[in-house]
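This is structure19.pdb. It holds PDB, N, CA and C atoms.
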ATOM      1  N   MET A  24      10.566 -10.509 -27.404  1.00  0.00           N
ATOM      2  CA  MET A  24       9.261 -10.499 -26.796  1.00  0.00           C
ATOM      3  C   MET A  24       8.224 -10.196 -27.878  1.00  0.00           C
ATOM      4  N   LYS A  25       7.150 -10.917 -27.832  1.00  0.00           N
ATOM      5  CA  LYS A  25       6.091 -10.735 -28.826  1.00  0.00           C
ATOM      6  C   LYS A  25       5.214  -9.540 -28.451  1.00  0.00           C
ATOM      7  N   GLU A  26       4.530  -9.016 -29.417  1.00  0.00           N
ATOM      8  CA  GLU A  26       3.665  -7.864 -29.195  1.00  0.00           C
ATOM      9  C   GLU A  26       2.529  -8.169 -28.222  1.00  0.00           C
ATOM     10  N   THR A  27       2.084  -9.413 -28.166  1.00  0.00           N
ATOM     11  CA  THR A  27       0.967  -9.796 -27.308  1.00  0.00           C
ATOM     12  C   THR A  27       1.394 -10.181 -25.896  1.00  0.00           C
ATOM     13  N   GLU A  28       2.690 -10.210 -25.624  1.00  0.00           N
ATOM     14  CA  GLU A  28       3.174 -10.571 -24.292  1.00  0.00           C
ATOM     15  C   GLU A  28       3.263  -9.332 -23.405  1.00  0.00           C
ATOM     16  N   ILE A  29       3.078  -9.548 -22.126  1.00  0.00           N
ATOM     17  CA  ILE A  29       3.164  -8.460 -21.155  1.00  0.00           C
ATOM     18  C   ILE A  29       4.571  -8.423 -20.591  1.00  0.00           C
ATOM     19  N   ASP A  30       5.178  -7.255 -20.607  1.00  0.00           N
ATOM     20  CA  ASP A  30       6.518  -7.077 -20.063  1.00  0.00           C
ATOM     21  C   ASP A  30       6.412  -6.866 -18.560  1.00  0.00           C
ATOM     22  N   ASP A  31       6.656  -7.913 -17.774  1.00  0.00           N
ATOM     23  CA  ASP A  31       6.554  -7.820 -16.323  1.00  0.00           C
ATOM     24  C   ASP A  31       7.915  -7.977 -15.650  1.00  0.00           C
ATOM     25  N   ARG A  32       8.975  -7.745 -16.384  1.00  0.00           N
ATOM     26  CA  ARG A  32      10.313  -7.925 -15.826  1.00  0.00           C
ATOM     27  C   ARG A  32      10.617  -6.950 -14.701  1.00  0.00           C
ATOM     28  N   ASP A  33      10.116  -5.737 -14.752  1.00  0.00           N
ATOM     29  CA  ASP A  33      10.415  -4.740 -13.728  1.00  0.00           C
ATOM     30  C   ASP A  33       9.379  -4.702 -12.612  1.00  0.00           C
ATOM     31  N   LEU A  34       8.462  -5.631 -12.570  1.00  0.00           N
ATOM     32  CA  LEU A  34       7.415  -5.620 -11.552  1.00  0.00           C
ATOM     33  C   LEU A  34       7.810  -6.367 -10.279  1.00  0.00           C
ATOM     34  N   THR A  35       8.884  -7.119 -10.318  1.00  0.00           N
ATOM     35  CA  THR A  35       9.341  -7.849  -9.146  1.00  0.00           C
ATOM     36  C   THR A  35      10.617  -7.213  -8.630  1.00  0.00           C
ATOM     37  N   PRO A  36      10.917  -7.365  -7.337  1.00  0.00           N
ATOM     38  CA  PRO A  36      12.146  -6.777  -6.815  1.00  0.00           C
ATOM     39  C   PRO A  36      13.372  -7.396  -7.474  1.00  0.00           C
ATOM     40  N   SER A  37      14.368  -6.587  -7.736  1.00  0.00           N
ATOM     41  CA  SER A  37      15.566  -7.092  -8.392  1.00  0.00           C
ATOM     42  C   SER A  37      16.372  -7.978  -7.450  1.00  0.00           C
ATOM     43  N   ASP A  38      16.342  -7.675  -6.160  1.00  0.00           N
ATOM     44  CA  ASP A  38      17.080  -8.461  -5.181  1.00  0.00           C
ATOM     45  C   ASP A  38      16.128  -8.857  -4.055  1.00  0.00           C
ATOM     46  N   PRO A  39      15.709 -10.113  -3.986  1.00  0.00           N
ATOM     47  CA  PRO A  39      14.761 -10.536  -2.943  1.00  0.00           C
ATOM     48  C   PRO A  39      15.307 -10.379  -1.525  1.00  0.00           C
ATOM     49  N   ALA A  40      16.624 -10.299  -1.374  1.00  0.00           N
ATOM     50  CA  ALA A  40      17.217 -10.145  -0.049  1.00  0.00           C
ATOM     51  C   ALA A  40      17.227  -8.696   0.409  1.00  0.00           C
ATOM     52  N   ASP A  41      16.867  -7.778  -0.457  1.00  0.00           N
ATOM     53  CA  ASP A  41      16.845  -6.354  -0.125  1.00  0.00           C
ATOM     54  C   ASP A  41      15.711  -6.085   0.866  1.00  0.00           C
ATOM     55  N   PRO A  42      16.019  -5.508   2.049  1.00  0.00           N
ATOM     56  CA  PRO A  42      14.956  -5.255   3.043  1.00  0.00           C
ATOM     57  C   PRO A  42      13.847  -4.359   2.514  1.00  0.00           C
ATOM     58  N   ALA A  43      14.142  -3.463   1.611  1.00  0.00           N
ATOM     59  CA  ALA A  43      13.113  -2.581   1.062  1.00  0.00           C
ATOM     60  C   ALA A  43      12.094  -3.361   0.245  1.00  0.00           C
ATOM     61  N   SER A  44      12.491  -4.492  -0.305  1.00  0.00           N
ATOM     62  CA  SER A  44      11.559  -5.279  -1.104  1.00  0.00           C
ATOM     63  C   SER A  44      10.526  -5.986  -0.236  1.00  0.00           C
ATOM     64  N   LEU A  45      10.786  -6.090   1.055  1.00  0.00           N
ATOM     65  CA  LEU A  45       9.860  -6.761   1.972  1.00  0.00           C
ATOM     66  C   LEU A  45       8.806  -5.815   2.517  1.00  0.00           C
ATOM     67  N   GLN A  46       8.963  -4.510   2.308  1.00  0.00           N
ATOM     68  CA  GLN A  46       7.996  -3.551   2.816  1.00  0.00           C
ATOM     69  C   GLN A  46       6.737  -3.587   1.962  1.00  0.00           C
ATOM     70  N   HIS A  47       5.611  -3.660   2.611  1.00  0.00           N
ATOM     71  CA  HIS A  47       4.330  -3.642   1.917  1.00  0.00           C
ATOM     72  C   HIS A  47       3.285  -3.015   2.839  1.00  0.00           C
ATOM     73  N   VAL A  48       2.207  -2.597   2.265  1.00  0.00           N
ATOM     74  CA  VAL A  48       1.138  -1.966   3.029  1.00  0.00           C
ATOM     75  C   VAL A  48       0.407  -3.035   3.842  1.00  0.00           C
ATOM     76  N   ASP A  49       0.193  -2.768   5.112  1.00  0.00           N
ATOM     77  CA  ASP A  49      -0.533  -3.687   5.984  1.00  0.00           C
ATOM     78  C   ASP A  49      -2.025  -3.464   5.772  1.00  0.00           C
ATOM     79  N   ALA A  50      -2.727  -4.492   5.334  1.00  0.00           N
ATOM     80  CA  ALA A  50      -4.148  -4.381   5.011  1.00  0.00           C
ATOM     81  C   ALA A  50      -5.020  -4.164   6.241  1.00  0.00           C
ATOM     82  N   THR A  51      -4.489  -4.396   7.437  1.00  0.00           N
ATOM     83  CA  THR A  51      -5.280  -4.213   8.648  1.00  0.00           C
ATOM     84  C   THR A  51      -5.227  -2.782   9.160  1.00  0.00           C
ATOM     85  N   LEU A  52      -4.321  -1.967   8.614  1.00  0.00           N
ATOM     86  CA  LEU A  52      -4.196  -0.584   9.053  1.00  0.00           C
ATOM     87  C   LEU A  52      -4.982   0.338   8.146  1.00  0.00           C
ATOM     88  N   CYS A  53      -5.408   1.442   8.703  1.00  0.00           N
ATOM     89  CA  CYS A  53      -6.127   2.456   7.943  1.00  0.00           C
ATOM     90  C   CYS A  53      -5.208   3.000   6.850  1.00  0.00           C
ATOM     91  N   PRO A  54      -5.680   3.055   5.605  1.00  0.00           N
ATOM     92  CA  PRO A  54      -4.824   3.544   4.522  1.00  0.00           C
ATOM     93  C   PRO A  54      -4.546   5.039   4.596  1.00  0.00           C
ATOM     94  N   GLU A  55      -5.350   5.783   5.319  1.00  0.00           N
ATOM     95  CA  GLU A  55      -5.161   7.233   5.413  1.00  0.00           C
ATOM     96  C   GLU A  55      -4.097   7.601   6.446  1.00  0.00           C
ATOM     97  N   CYS A  56      -4.209   7.041   7.652  1.00  0.00           N
ATOM     98  CA  CYS A  56      -3.290   7.414   8.737  1.00  0.00           C
ATOM     99  C   CYS A  56      -2.243   6.340   9.021  1.00  0.00           C
ATOM    100  N   GLN A  57      -2.295   5.227   8.303  1.00  0.00           N
ATOM    101  CA  GLN A  57      -1.351   4.114   8.480  1.00  0.00           C
ATOM    102  C   GLN A  57      -1.344   3.577   9.911  1.00  0.00           C
ATOM    103  N   GLY A  58      -2.500   3.593  10.563  1.00  0.00           N
ATOM    104  CA  GLY A  58      -2.643   3.022  11.890  1.00  0.00           C
ATOM    105  C   GLY A  58      -2.366   3.983  13.029  1.00  0.00           C
ATOM    106  N   ALA A  59      -2.011   5.223  12.729  1.00  0.00           N
ATOM    107  CA  ALA A  59      -1.683   6.194  13.777  1.00  0.00           C
ATOM    108  C   ALA A  59      -2.936   6.759  14.451  1.00  0.00           C
ATOM    109  N   ALA A  60      -4.086   6.656  13.806  1.00  0.00           N
ATOM    110  CA  ALA A  60      -5.374   7.145  14.299  1.00  0.00           C
ATOM    111  C   ALA A  60      -5.502   8.662  14.244  1.00  0.00           C
ATOM    112  N   VAL A  61      -4.414   9.370  13.962  1.00  0.00           N
ATOM    113  CA  VAL A  61      -4.452  10.819  13.809  1.00  0.00           C
ATOM    114  C   VAL A  61      -3.697  11.203  12.544  1.00  0.00           C
ATOM    115  N   LEU A  62      -4.052  12.332  11.988  1.00  0.00           N
ATOM    116  CA  LEU A  62      -3.376  12.860  10.815  1.00  0.00           C
ATOM    117  C   LEU A  62      -2.144  13.648  11.257  1.00  0.00           C
ATOM    118  N   PRO A  63      -1.228  13.950  10.345  1.00  0.00           N
ATOM    119  CA  PRO A  63      -0.019  14.695  10.728  1.00  0.00           C
ATOM    120  C   PRO A  63      -0.289  16.022  11.420  1.00  0.00           C
ATOM    121  N   ASP A  64      -1.439  16.646  11.139  1.00  0.00           N
ATOM    122  CA  ASP A  64      -1.752  17.927  11.772  1.00  0.00           C
ATOM    123  C   ASP A  64      -2.393  17.762  13.151  1.00  0.00           C
ATOM    124  N   GLY A  65      -2.546  16.518  13.623  1.00  0.00           N
ATOM    125  CA  GLY A  65      -3.075  16.263  14.958  1.00  0.00           C
ATOM    126  C   GLY A  65      -4.556  15.970  15.010  1.00  0.00           C
ATOM    127  N   GLU A  66      -5.256  16.093  13.870  1.00  0.00           N
ATOM    128  CA  GLU A  66      -6.689  15.810  13.855  1.00  0.00           C
ATOM    129  C   GLU A  66      -6.941  14.302  13.868  1.00  0.00           C
ATOM    130  N   THR A  67      -8.073  13.897  14.432  1.00  0.00           N
ATOM    131  CA  THR A  67      -8.482  12.500  14.390  1.00  0.00           C
ATOM    132  C   THR A  67      -8.737  12.109  12.943  1.00  0.00           C
ATOM    133  N   CYS A  68      -8.272  10.951  12.557  1.00  0.00           N
ATOM    134  CA  CYS A  68      -8.422  10.495  11.181  1.00  0.00           C
ATOM    135  C   CYS A  68      -9.903  10.354  10.834  1.00  0.00           C
ATOM    136  N   PRO A  69     -10.365  11.002   9.758  1.00  0.00           N
ATOM    137  CA  PRO A  69     -11.775  10.917   9.395  1.00  0.00           C
ATOM    138  C   PRO A  69     -12.148   9.583   8.741  1.00  0.00           C
ATOM    139  N   VAL A  70     -11.183   8.848   8.258  1.00  0.00           N
ATOM    140  CA  VAL A  70     -11.470   7.586   7.587  1.00  0.00           C
ATOM    141  C   VAL A  70     -11.761   6.480   8.595  1.00  0.00           C
ATOM    142  N   CYS A  71     -10.866   6.310   9.579  1.00  0.00           N
ATOM    143  CA  CYS A  71     -11.049   5.235  10.567  1.00  0.00           C
ATOM    144  C   CYS A  71     -11.665   5.744  11.865  1.00  0.00           C
ATOM    145  N   GLU A  72     -11.906   7.064  11.930  1.00  0.00           N
ATOM    146  CA  GLU A  72     -12.506   7.699  13.109  1.00  0.00           C
ATOM    147  C   GLU A  72     -11.698   7.451  14.380  1.00  0.00           C
ATOM    148  N   GLY A  73     -10.376   7.437  14.240  1.00  0.00           N
ATOM    149  CA  GLY A  73      -9.486   7.314  15.381  1.00  0.00           C
ATOM    150  C   GLY A  73      -9.161   5.914  15.827  1.00  0.00           C
ATOM    151  N   THR A  74      -9.594   4.902  15.103  1.00  0.00           N
ATOM    152  CA  THR A  74      -9.291   3.534  15.518  1.00  0.00           C
ATOM    153  C   THR A  74      -7.954   3.046  14.973  1.00  0.00           C
ATOM    154  N   GLY A  75      -7.522   3.589  13.846  1.00  0.00           N
ATOM    155  CA  GLY A  75      -6.277   3.147  13.226  1.00  0.00           C
ATOM    156  C   GLY A  75      -6.424   1.868  12.425  1.00  0.00           C
ATOM    157  N   LYS A  76      -7.617   1.324  12.394  1.00  0.00           N
ATOM    158  CA  LYS A  76      -7.858   0.071  11.688  1.00  0.00           C
ATOM    159  C   LYS A  76      -8.545   0.321  10.353  1.00  0.00           C
ATOM    160  N   ALA A  77      -8.314  -0.579   9.417  1.00  0.00           N
ATOM    161  CA  ALA A  77      -8.953  -0.480   8.105  1.00  0.00           C
ATOM    162  C   ALA A  77     -10.453  -0.647   8.247  1.00  0.00           C
ATOM    163  N   VAL A  78     -11.168   0.136   7.467  1.00  0.00           N
ATOM    164  CA  VAL A  78     -12.625   0.077   7.486  1.00  0.00           C
ATOM    165  C   VAL A  78     -13.116  -0.154   6.061  1.00  0.00           C
ATOM    166  N   GLY A  79     -14.322  -0.614   5.915  1.00  0.00           N
ATOM    167  CA  GLY A  79     -14.885  -0.903   4.602  1.00  0.00           C
ATOM    168  C   GLY A  79     -15.271   0.325   3.808  1.00  0.00           C
ATOM    169  N   ARG A  80     -15.193   1.518   4.406  1.00  0.00           N
ATOM    170  CA  ARG A  80     -15.627   2.733   3.728  1.00  0.00           C
ATOM    171  C   ARG A  80     -14.539   3.340   2.865  1.00  0.00           C
ATOM    172  N   THR A  81     -13.359   2.759   2.828  1.00  0.00           N
ATOM    173  CA  THR A  81     -12.282   3.354   2.040  1.00  0.00           C
ATOM    174  C   THR A  81     -12.456   2.989   0.577  1.00  0.00           C
ATOM    175  N   GLY A  82     -11.948   3.838  -0.276  1.00  0.00           N
ATOM    176  CA  GLY A  82     -12.020   3.587  -1.712  1.00  0.00           C
ATOM    177  C   GLY A  82     -12.520   4.792  -2.453  1.00  0.00           C
ATOM    178  N   GLY A  83     -12.301   4.783  -3.735  1.00  0.00           N
ATOM    179  CA  GLY A  83     -12.704   5.922  -4.550  1.00  0.00           C
ATOM    180  C   GLY A  83     -14.086   5.738  -5.131  1.00  0.00           C
ATOM    181  N   GLY A  84     -14.548   6.739  -5.764  1.00  0.00           N
ATOM    182  CA  GLY A  84     -15.855   6.584  -6.344  1.00  0.00           C
ATOM    183  C   GLY A  84     -16.249   7.728  -7.102  1.00  0.00           C
TER     184      GLY A  84
END

Let me see the file written as structure tokens.
Amino acid sequence: MKETEIDDRDLTPSDPADPASLQHVDATLCPECQGAAVLPDGETCPVCEGTGKAVGRTGGG
């Protein structure tokens, strides 16, 4: 491999038939509560305000 090439060999699943390789984050769900609308402690999710859906206000800054 040349110095200018990117090593991306470990970025893909080793076995495409592995069920774990098919798991991915659903873009329609809230990234904080994963669509549950509540946090583990029982509070309403402050990111999606209890809807469980992704909102445009997520992200860092």

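Coordinates place atom N of Ala50 (chain A) at a distance of 20.1 Å from CA of Pro63 (chain A).
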
Return as lines of an AutoDock Vina configuration file the centre and edge lengths, in Å with one decimal, of the box along x, y and z that encloses every atom of region 54-57 of chain A in the file, padded by 8 Å per side.
center_x = -3.5
center_y = 5.3
center_z = 7.2
size_x = 20.3
size_y = 20.5
size_z = 21.4

Considering all atoms listed in the file, state which residue in the set A:Lys25, A:Pro54, A:Asp49, A:Ala59 is at the smallest distance from Val78 (chain A).
A:Pro54

Selection: 12 Å around Gly75 (chain A), only C-alpha atoms, excl. self and same-chain fewer than 6 positions, as an MDAnalysis selection string
chainID A and resid 49:62 67:69

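If you look at atom C of Ala77 (chain A) and atom C of Asp64 (chain A), they are 20.7 Å away from each other.
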